[in-house]
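As structure tokens, the structure follows; a few thoughts come after it.
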Amino acid sequence: MSEKQRTLAKDVTLNGKGLHTGIDVTVTFKPAPANHGYKFCRTDLPGRPLIDAVADNVTETSRGTTLVQGEASVATIEHVLAAFAGLRIDNALIEINAPEAPIMGGSSFMFVEAIKEAGIVELKEERNFYVIKEKITFADEEHGVDLIIYPDDHFSAHVLIDYNSKILGNQYAILDNIEDFEKEVCRSRTFVFFHELEPLFRMGLIKGGDLENAIVILEREVEQEEIDRIAKMFNKPGITEHHAGILNNTKLRYPNEPARHKLLDLIGDLALVGQPVKGKVVATRPGHYANTRMARLIRQQIKRQATKKEIPLLDTTKPSVMDIEQVKKLLPHRFPFLMVDRILELTESHIIGMKNTTYNEAFFQGHFPQEHVFPGVLLVETMAQVGGILVLSNVDEPEKYSTYFLKIDKLKFKHKVIPGDTIIVRSDLTEPIRRGIVIMYCQAFVGEKIVAEGEMTAQVVKNK
């Protein structure tokens, strides 16, 4: 049975401190219309800029997830988003008067309570689930991190953590159904090791941290003098516990509370997909970087599938956006290696280009003499050159820059191209261009058939 999208019934406001900044923060959750998703509004900045809560806008993941859109940013948003995702709220406007969400006890519990106080209403539109059709993986072998999402008919998550800690040991947490989030996960608090406190403080972080919003783990017995020194640093006198274990004998809410908190973070970060997901997540040693990378991979898959539905058929009655002379002004390639004849469509995020093939091209004589086939390497080059025009069209003074391709992923050849075929290439940016790095999904068509497709990563470099 289909589910309806949900939002809040009314506004609700919370006040607290930012975990890292230590400043007072007011956050207000507001109802939003269908297909709005989650958006943050920085009410303290001129123009009250909006920040879309999507993985494309993630810029920082150390000790929390930070989003940036334009000149505005908002940090430590994972517990807020986990509360909305855990209660199956699809649309909300989150107004905040500071650069960081309040820590509110170090879990999602207070956010969940606020949402329940506001009330939840159904909208007329159906929930837009993304159903995982094939396994998606992210791995960081150096740090032992491994995230996999498998096809399934509902969302579930299994999390394993291992910090080589005698106190924590290996911990495992499972959420078989998102409906159990409030009962099983939302109260799990963030945690930190005692030996991490001073370095984090020296870095200008955890200024709003205390024993009320974090579990502090002592790996070994520590002299009271050392505890007093750290307590004074945080202006938290009266900490007496110095045995290995949980500082100040803070009572755990669950035996595996750290693992459950990692599961909470995972749910909050995966909310950055931008729509609810049906799939089974298995995560080993997850963190914000890996979580948001997985969210980004899922978003890329969604965009690829959406692109596949839009087969760019050649319309000879429409004028070109760029003819060959205009193409030559952007690309440095020349005979016999210029693989783009015309550009048919161009926006900030996608491009459609054309390459005509003829029997007269020299490579057909040797590839292959008995059955002429357009070389796969040149088909890739054609997609790359069309993508290069998209990249350079987003740069001021493009004649001063070149595009160098760094990586090709998931490249597939579907059908052969023969003399006389017209190749239509479509390239779409899968995320905004940052620091000169571009990621595009490229497809080559002949008629209605996809002949090749793959993801390309490139770098825009200023010419010397």
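Going through the structure tokens in order, the chains are called A, B, and so on, while each chain numbers its residues from 1 and the ligands are numbered from 1 in the order shown.
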
- Exercise: Lys407 (chain A) partners within 10 Å, only C-alpha atoms, chain neighbours under 5 positions left out, as number ranges by chain: A: 439, 455-459

- Task: Name all residues at most 6 Å from region 123-129 of chain A (count only C-alpha atoms; drop same-chain ones fewer than 4 positions away) and give them as a PyMOL selection string.
- Result: chain A and resi 3-6+276-277

Using only C-alpha atoms, what table do you get, as a Markdown table, when you list each residue of region 301-391 of chain A with an atom no more than 12 Å from region 445-449 of chain A, its nearest pair of atoms, and their distance in Å rounded to one decimal, rows by chain then rising number?
| residue | atom | partner | partner_atom | distance |
| --- | --- | --- | --- | --- |
| A:Lys308 | CA | A:Phe445 | CA | 10.4 |
| A:Lys309 | CA | A:Glu448 | CA | 10.6 |
| A:Glu310 | CA | A:Glu448 | CA | 9.9 |
| A:Ile311 | CA | A:Glu448 | CA | 6.3 |
| A:Pro312 | CA | A:Phe445 | CA | 7.8 |
| A:Leu313 | CA | A:Gly447 | CA | 6.4 |
| A:Leu314 | CA | A:Gly447 | CA | 7.7 |
| A:Asp315 | CA | A:Gly447 | CA | 11.0 |
| A:Ile352 | CA | A:Phe445 | CA | 10.5 |
| A:Gly353 | CA | A:Phe445 | CA | 10.4 |
| A:Met354 | CA | A:Phe445 | CA | 9.6 |
| A:Lys355 | CA | A:Val446 | CA | 10.2 |
| A:Asn356 | CA | A:Val446 | CA | 10.4 |
| A:Thr357 | CA | A:Val446 | CA | 10.9 |
| A:Leu379 | CA | A:Phe445 | CA | 10.5 |
| A:Thr382 | CA | A:Phe445 | CA | 11.5 |
| A:Met383 | CA | A:Phe445 | CA | 10.4 |

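Distance-wise, CA of Glu431 (chain A) and CA of Gln300 (chain A) end up 8.1 Å apart.
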
- Item | Contacts of region 29-44 of chain A within 9 Å, only C-alpha atoms, excl. fewer than 2 positions in-chain, as an MDAnalysis selection string | chainID A and resid 5:14 27 46:54 72:74 81 84 89:99 114:115 118 123:128 271:272 274:275
